[in-house]
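Enquirer: Got a file for you: start.pdb, PDB, C-alpha atoms.
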ATOM      1  CA  MET A   1     159.359  83.299 201.771
ATOM      2  CA  ALA A   2     159.934  80.044 203.705
ATOM      3  CA  LEU A   3     156.198  79.707 204.230
ATOM      4  CA  LEU A   4     155.551  80.011 200.465
ATOM      5  CA  THR A   5     158.270  77.466 199.674
ATOM      6  CA  THR A   6     156.869  75.004 202.217
ATOM      7  CA  ALA A   7     153.342  75.468 200.881
ATOM      8  CA  ALA A   8     154.539  74.884 197.300
ATOM      9  CA  LEU A   9     156.411  71.723 198.314
ATOM     10  CA  LEU A  10     153.407  70.345 200.189
ATOM     11  CA  ALA A  11     151.082  71.095 197.270
ATOM     12  CA  SER A  12     153.384  69.307 194.853
ATOM     13  CA  CYS A  13     153.626  66.181 197.015
ATOM     14  CA  VAL A  14     151.419  63.543 195.447
ATOM     15  CA  PRO A  15     151.389  59.908 196.525
ATOM     16  CA  ALA A  16     153.158  57.571 194.090
ATOM     17  CA  THR A  17     149.914  55.747 193.377
ATOM     18  CA  ASP A  18     148.336  59.007 192.187
ATOM     19  CA  ARG A  19     150.958  59.933 189.582
ATOM     20  CA  ALA A  20     152.412  58.330 186.485
ATOM     21  CA  SER A  21     155.863  56.776 186.783
ATOM     22  CA  TRP A  22     156.598  57.373 183.058
ATOM     23  CA  ARG A  23     158.415  54.076 183.009
ATOM     24  CA  ILE A  24     159.392  53.135 179.443
ATOM     25  CA  PHE A  25     160.405  49.596 178.550
ATOM     26  CA  PRO A  26     160.264  47.121 175.648
ATOM     27  CA  LEU A  27     157.186  44.895 175.764
ATOM     28  CA  GLN A  28     157.416  42.266 173.045
ATOM     29  CA  ARG A  29     154.386  41.242 170.973
ATOM     30  CA  ARG A  30     155.757  38.560 168.591
ATOM     31  CA  GLN A  31     159.458  39.307 168.234
ATOM     32  CA  PRO A  32     162.050  41.458 169.998
ATOM     33  CA  HIS A  33     161.723  45.234 169.519
ATOM     34  CA  ASP A  34     158.131  45.155 168.212
ATOM     35  CA  GLY A  35     156.481  46.746 171.254
ATOM     36  CA  LEU A  36     157.124  49.556 173.726
ATOM     37  CA  ALA A  37     155.276  50.064 176.996
ATOM     38  CA  VAL A  38     154.843  53.549 178.465
ATOM     39  CA  VAL A  39     153.318  53.983 181.934
ATOM     40  CA  ASN A  40     151.627  57.361 181.544
ATOM     41  CA  GLN A  41     148.900  57.023 184.183
ATOM     42  CA  PRO A  42     148.759  56.216 187.901
ATOM     43  CA  ASP A  43     148.732  52.637 189.188
ATOM     44  CA  GLY A  44     150.778  51.241 186.296
ATOM     45  CA  PHE A  45     148.306  51.996 183.508
ATOM     46  CA  GLY A  46     149.559  53.241 180.193
ATOM     47  CA  VAL A  47     149.852  52.443 176.514
ATOM     48  CA  HIS A  48     151.465  49.549 174.672
ATOM     49  CA  LEU A  49     152.854  50.999 171.456
ATOM     50  CA  TRP A  50     152.898  48.362 168.732
ATOM     51  CA  LEU A  51     155.905  48.946 166.519
ATOM     52  CA  GLU A  52     155.778  48.174 162.817
ATOM     53  CA  THR A  53     158.121  48.776 159.916
ATOM     54  CA  ASP A  54     157.471  50.139 156.450
ATOM     55  CA  THR A  55     159.631  48.576 153.730
ATOM     56  CA  ARG A  56     157.473  49.494 150.736
ATOM     57  CA  GLN A  57     160.274  51.636 149.296
ATOM     58  CA  ARG A  58     163.047  49.352 148.096
ATOM     59  CA  GLY A  59     166.176  49.524 150.274
ATOM     60  CA  VAL A  60     164.573  51.728 152.958
ATOM     61  CA  CYS A  61     163.097  50.719 156.300
ATOM     62  CA  ARG A  62     161.156  53.298 158.316
ATOM     63  CA  PRO A  63     158.537  53.281 161.077
ATOM     64  CA  ARG A  64     154.896  52.609 160.300
ATOM     65  CA  TRP A  65     152.875  54.440 162.945
ATOM     66  CA  LEU A  66     149.839  52.768 164.517
ATOM     67  CA  PRO A  67     148.188  55.562 166.564
ATOM     68  CA  ASP A  68     145.541  53.360 168.234
ATOM     69  CA  PRO A  69     147.525  51.575 170.975
ATOM     70  CA  PRO A  70     146.291  48.884 173.331
ATOM     71  CA  ARG A  71     145.850  49.760 177.014
ATOM     72  CA  LEU A  72     148.779  48.745 179.238
ATOM     73  CA  PHE A  73     148.026  47.132 182.598
ATOM     74  CA  ASN A  74     150.408  46.432 185.511
ATOM     75  CA  GLY A  75     153.138  48.548 183.907
ATOM     76  CA  ASN A  76     154.928  49.027 187.223
ATOM     77  CA  GLY A  77     154.594  45.356 188.178
ATOM     78  CA  SER A  78     156.383  42.179 187.298
ATOM     79  CA  ALA A  79     153.975  40.952 184.594
ATOM     80  CA  PRO A  80     152.761  43.849 182.428
ATOM     81  CA  PHE A  81     150.208  43.065 179.704
ATOM     82  CA  SER A  82     147.955  44.892 177.292
ATOM     83  CA  SER A  83     144.299  44.566 176.445
ATOM     84  CA  GLY A  84     141.588  46.710 174.948
ATOM     85  CA  LEU A  85     142.279  50.088 173.411
ATOM     86  CA  ALA A  86     143.755  53.326 174.716
ATOM     87  CA  THR A  87     142.779  56.661 173.208
ATOM     88  CA  ARG A  88     144.470  58.208 170.217
ATOM     89  CA  GLN A  89     144.952  61.369 172.276
ATOM     90  CA  GLU A  90     147.038  59.352 174.749
ATOM     91  CA  PHE A  91     149.196  58.157 171.858
ATOM     92  CA  PHE A  92     149.796  61.785 170.815
ATOM     93  CA  GLU A  93     150.639  62.829 174.399
ATOM     94  CA  VAL A  94     153.034  59.912 174.886
ATOM     95  CA  VAL A  95     154.945  60.369 171.607
ATOM     96  CA  ALA A  96     155.284  64.108 172.312
ATOM     97  CA  ARG A  97     157.838  63.272 175.038
ATOM     98  CA  GLY A  98     161.486  63.260 173.988
ATOM     99  CA  ASP A  99     162.415  60.256 176.147
ATOM    100  CA  VAL A 100     159.658  58.181 174.538
ATOM    101  CA  ARG A 101     160.699  59.204 171.005
ATOM    102  CA  ARG A 102     164.338  58.345 171.759
ATOM    103  CA  GLU A 103     163.352  54.843 172.896
ATOM    104  CA  LEU A 104     160.964  54.447 169.953
ATOM    105  CA  LYS A 105     163.777  55.337 167.590
ATOM    106  CA  ARG A 106     166.120  52.842 169.246
ATOM    107  CA  GLN A 107     163.583  49.983 169.226
ATOM    108  CA  LEU A 108     162.386  50.659 165.673
ATOM    109  CA  GLU A 109     165.924  50.806 164.329
ATOM    110  CA  ALA A 110     166.633  47.410 165.923
ATOM    111  CA  LEU A 111     163.357  46.050 164.503
ATOM    112  CA  CYS A 112     164.280  47.276 161.020
ATOM    113  CA  GLN A 113     167.715  45.704 161.370
ATOM    114  CA  ALA A 114     166.076  42.379 162.225
ATOM    115  CA  ARG A 115     163.402  42.515 159.511
ATOM    116  CA  ALA A 116     165.305  44.166 156.658
ATOM    117  CA  PRO A 117     169.047  43.995 157.447
ATOM    118  CA  ARG A 118     170.129  45.230 154.014
ATOM    119  CA  SER A 119     167.830  48.238 154.041
ATOM    120  CA  ARG A 120     168.840  51.730 155.102
ATOM    121  CA  TRP A 121     167.213  52.919 158.345
ATOM    122  CA  GLU A 122     165.215  56.148 158.010
ATOM    123  CA  TRP A 123     163.503  57.748 161.002
ATOM    124  CA  THR A 124     160.172  59.510 160.511
ATOM    125  CA  GLU A 125     158.540  61.403 163.356
ATOM    126  CA  PRO A 126     155.340  59.940 164.810
ATOM    127  CA  PRO A 127     152.101  61.856 164.252
ATOM    128  CA  ARG A 128     151.338  64.256 167.091
ATOM    129  CA  SER A 129     147.781  65.165 166.170
ATOM    130  CA  ALA A 130     144.823  63.600 164.383
ATOM    131  CA  ASP A 131     145.382  65.657 161.223
ATOM    132  CA  GLN A 132     148.905  64.179 160.866
ATOM    133  CA  VAL A 133     147.694  60.565 160.882
ATOM    134  CA  LYS A 134     147.987  58.992 157.454
ATOM    135  CA  GLN A 135     145.440  56.321 156.729
ATOM    136  CA  GLU A 136     147.394  53.216 155.815
ATOM    137  CA  SER A 137     146.214  51.272 152.814
ATOM    138  CA  PHE A 138     146.904  47.583 153.017
ATOM    139  CA  PRO A 139     146.576  45.235 150.051
ATOM    140  CA  MET A 140     143.057  43.931 149.622
ATOM    141  CA  LEU A 141     142.395  40.287 150.237
ATOM    142  CA  GLN A 142     142.056  38.353 147.032
ATOM    143  CA  GLU A 143     139.686  35.424 146.587
ATOM    144  CA  GLU A 144     142.568  32.964 146.920
ATOM    145  CA  ASP A 145     143.339  34.431 150.382
ATOM    146  CA  LEU A 146     139.851  33.642 151.693
ATOM    147  CA  LEU A 147     138.839  30.344 153.246
ATOM    148  CA  PRO A 148     136.264  28.280 151.335
ATOM    149  CA  ASP A 149     132.906  27.252 152.765
ATOM    150  CA  PRO A 150     133.488  24.320 155.187
ATOM    151  CA  SER A 151     130.586  22.279 153.748
ATOM    152  CA  GLU A 152     132.099  22.639 150.275
ATOM    153  CA  VAL A 153     135.481  21.422 151.573
ATOM    154  CA  ARG A 154     133.818  18.431 153.275
ATOM    155  CA  ALA A 155     131.914  17.544 150.073
ATOM    156  CA  ARG A 156     135.166  17.632 148.104
ATOM    157  CA  GLU A 157     136.894  15.430 150.694
ATOM    158  CA  GLU A 158     134.069  12.888 150.549
ATOM    159  CA  ALA A 159     134.197  12.884 146.745
ATOM    160  CA  LEU A 160     137.948  12.238 146.831
ATOM    161  CA  GLU A 161     137.511   9.428 149.373
ATOM    162  CA  GLN A 162     134.819   7.791 147.246
ATOM    163  CA  GLU A 163     136.923   8.224 144.106
ATOM    164  CA  ALA A 164     139.867   6.575 145.849
ATOM    165  CA  GLU A 165     137.666   3.632 146.840
ATOM    166  CA  GLY A 166     136.442   3.302 143.249
ATOM    167  CA  VAL A 167     132.895   4.401 144.024
ATOM    168  CA  ALA A 168     131.289   7.053 141.859
ATOM    169  CA  PRO A 169     130.743  10.241 143.890
ATOM    170  CA  ALA A 170     127.198  11.149 144.916
ATOM    171  CA  PRO A 171     125.819  14.317 143.336
ATOM    172  CA  SER A 172     126.614  17.292 145.548
ATOM    173  CA  ALA A 173     123.897  19.661 146.784
ATOM    174  CA  ALA A 174     126.079  22.706 146.201
ATOM    175  CA  PRO A 175     126.732  23.764 142.599
ATOM    176  CA  GLU A 176     130.326  23.422 141.467
ATOM    177  CA  ALA A 177     132.234  26.650 140.892
ATOM    178  CA  ALA A 178     133.578  27.208 137.406
ATOM    179  CA  PRO A 179     137.400  27.066 137.251
TER
END
What would the structure in this file look like if it were written as structure tokens?

Expert:
Amino acid sequence: MALLTTAALLASCVPATDRASWRIFPLQRRQPHDGLAVVNQPDGFGVHLWLETDTRQRGVCRPRWLPDPPRLFNGNGSAPFSSGLATRQEFFEVVARGDVRRELKRQLEALCQARAPRSRWEWTEPPRSADQVKQESFPMLQEEDLLPDPSEVRAREEALEQEAEGVAPAPSAAPEAAP
């Protein structure tokens, strides 16, 4: 019996560099509470969960799940950062853990409080498989949201400068758009 116990203990001993630390900590993107780092791989690699809120329903703030997280680097070090893209499967594995969901809930509630303080907080579970992912529809860009052609802007600037100097503007090569 002692031999079996010793063999099991030796087999389960894995160097720290070869196993995930499962360290979970806030990793800010633009404002407090909008990112959560999870070290789910050896050597400090993991996922950087970007946290977003959904306030489309008046008076309610809930999580908006982004299941394509960036890759976390140096998660066990002093200067963690993210770059590139981790797999969606990793996202599902990470959010399946209770400790990660508890921290997600805490960070997202604080983010909702900061972004929509008068709204009621409502927790929704993260997707745990590809068939649970809802494709988010974002408002389409309208023409007024797009930047104009730089040569057109320059031609307009020159016309305004000439008009200010009292000189008639030169005919432009580009046709004018109808208002």

Enquirer: Closest to Glu125 (chain A) among A:Ala164, A:Leu111, A:Val47, A:Leu104, using only C-alpha atoms?

Expert: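 Answer, going by the shortest atom-to-atom distance: A:Leu104.
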
Enquirer: Carefully work through the PyMOL selection byres ((chain A and resi 39) around 7) for this structure and note down the residues it includes, as number ranges by chain.

Expert: A: 20-24, 37-38, 40-41, 44-47, 75

Enquirer: Excluding same-chain residues fewer than 2 positions from Trp50 (chain A), what lies within 8 Å of it counting all atoms listed in the file, as a list in words?

Expert: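 Residues near the query, excluding close chain neighbours: Arg29, Asp34, Gly35, Leu36, His48, Glu52, Leu66 and Pro69 of chain A.
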
Enquirer: Translate the PyMOL selection byres ((chain A and resi 97) around 12), as applied to the file shown, into an explicit residue set as a compact mmCIF listing (two decimals) with C-alpha atoms, in the frame of the given file.

Expert:
# COMPACT_ATOMS: atom_id res chain seq x y z
CA TRP A 22 156.60 57.37 183.06
CA ILE A 24 159.39 53.14 179.44
CA VAL A 38 154.84 53.55 178.46
CA ASN A 40 151.63 57.36 181.54
CA GLU A 90 147.04 59.35 174.75
CA PHE A 91 149.20 58.16 171.86
CA PHE A 92 149.80 61.78 170.82
CA GLU A 93 150.64 62.83 174.40
CA VAL A 94 153.03 59.91 174.89
CA VAL A 95 154.94 60.37 171.61
CA ALA A 96 155.28 64.11 172.31
CA GLY A 98 161.49 63.26 173.99
CA ASP A 99 162.42 60.26 176.15
CA VAL A 100 159.66 58.18 174.54
CA ARG A 101 160.70 59.20 171.00
CA ARG A 102 164.34 58.34 171.76
CA GLU A 103 163.35 54.84 172.90
CA LEU A 104 160.96 54.45 169.95
CA GLU A 125 158.54 61.40 163.36
CA PRO A 126 155.34 59.94 164.81
CA ARG A 128 151.34 64.26 167.09

Enquirer: Record the distance separating CA of Gln107 (chain A) and CA of Thr87 (chain A), expressed in Å with one decimal.

Expert: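 Distance between the two atoms: 22.2 Å.
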
Enquirer: Kindly indicate which residue among A:Arg156, A:Pro67, A:Gly166, A:Arg30 lies nearest to Gln89 (chain A), using all atoms listed in the file for the distances.

Expert: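 Using all atoms listed in the file, the shortest distance to Gln89 (chain A) belongs to A:Pro67.
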
Enquirer: Please report the interatomic distance between CA of Pro32 (chain A) and CA of Thr53 (chain A) in Å with one decimal.

Expert: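 Atom-to-atom, CA of Pro32 (chain A) to CA of Thr53 (chain A), that is 13.1 Å.
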
Enquirer: Which residue gives the smallest distance to Thr124 (chain A) among A:Leu147, A:Ala86, A:Ala159, A:Cys61, with all atoms listed in the file counted?

Expert: A:Cys61

Enquirer: Taking into account only C-alpha atoms, which residue in the set A:Ser119, A:Asp68, A:Glu163, A:Leu49 is nearest to Pro26 (chain A)?

Expert: A:Leu49

Enquirer: Can you pull out the residues contacting region 81-83 of chain A? Cut-off 6 Å, using only C-alpha atoms, and skip same-chain residues under 6 positions away; I want them as a list in words.

Expert: Pro70, Arg71, Leu72 and Phe73 of chain A

Enquirer: Can you pull out every residue within 12 Å of Pro117 (chain A), counting only C-alpha atoms, but drop anything in the same chain fewer than 4 positions away, and send it as a PyMOL selection string?

Expert: chain A and resi 55+59-61+109-113+121

Enquirer: Interatomic distance between CA of Arg62 (chain A) and CA of Arg115 (chain A)?

Expert: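 Distance between the two atoms: 11.1 Å.
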
Enquirer: Pick the closest to Lys134 (chain A) from A:Trp65, A:Pro42, A:Ser151, A:Leu51: which is it, counting all atoms listed in the file?

Expert: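 Answer, going by the shortest atom-to-atom distance: A:Trp65.
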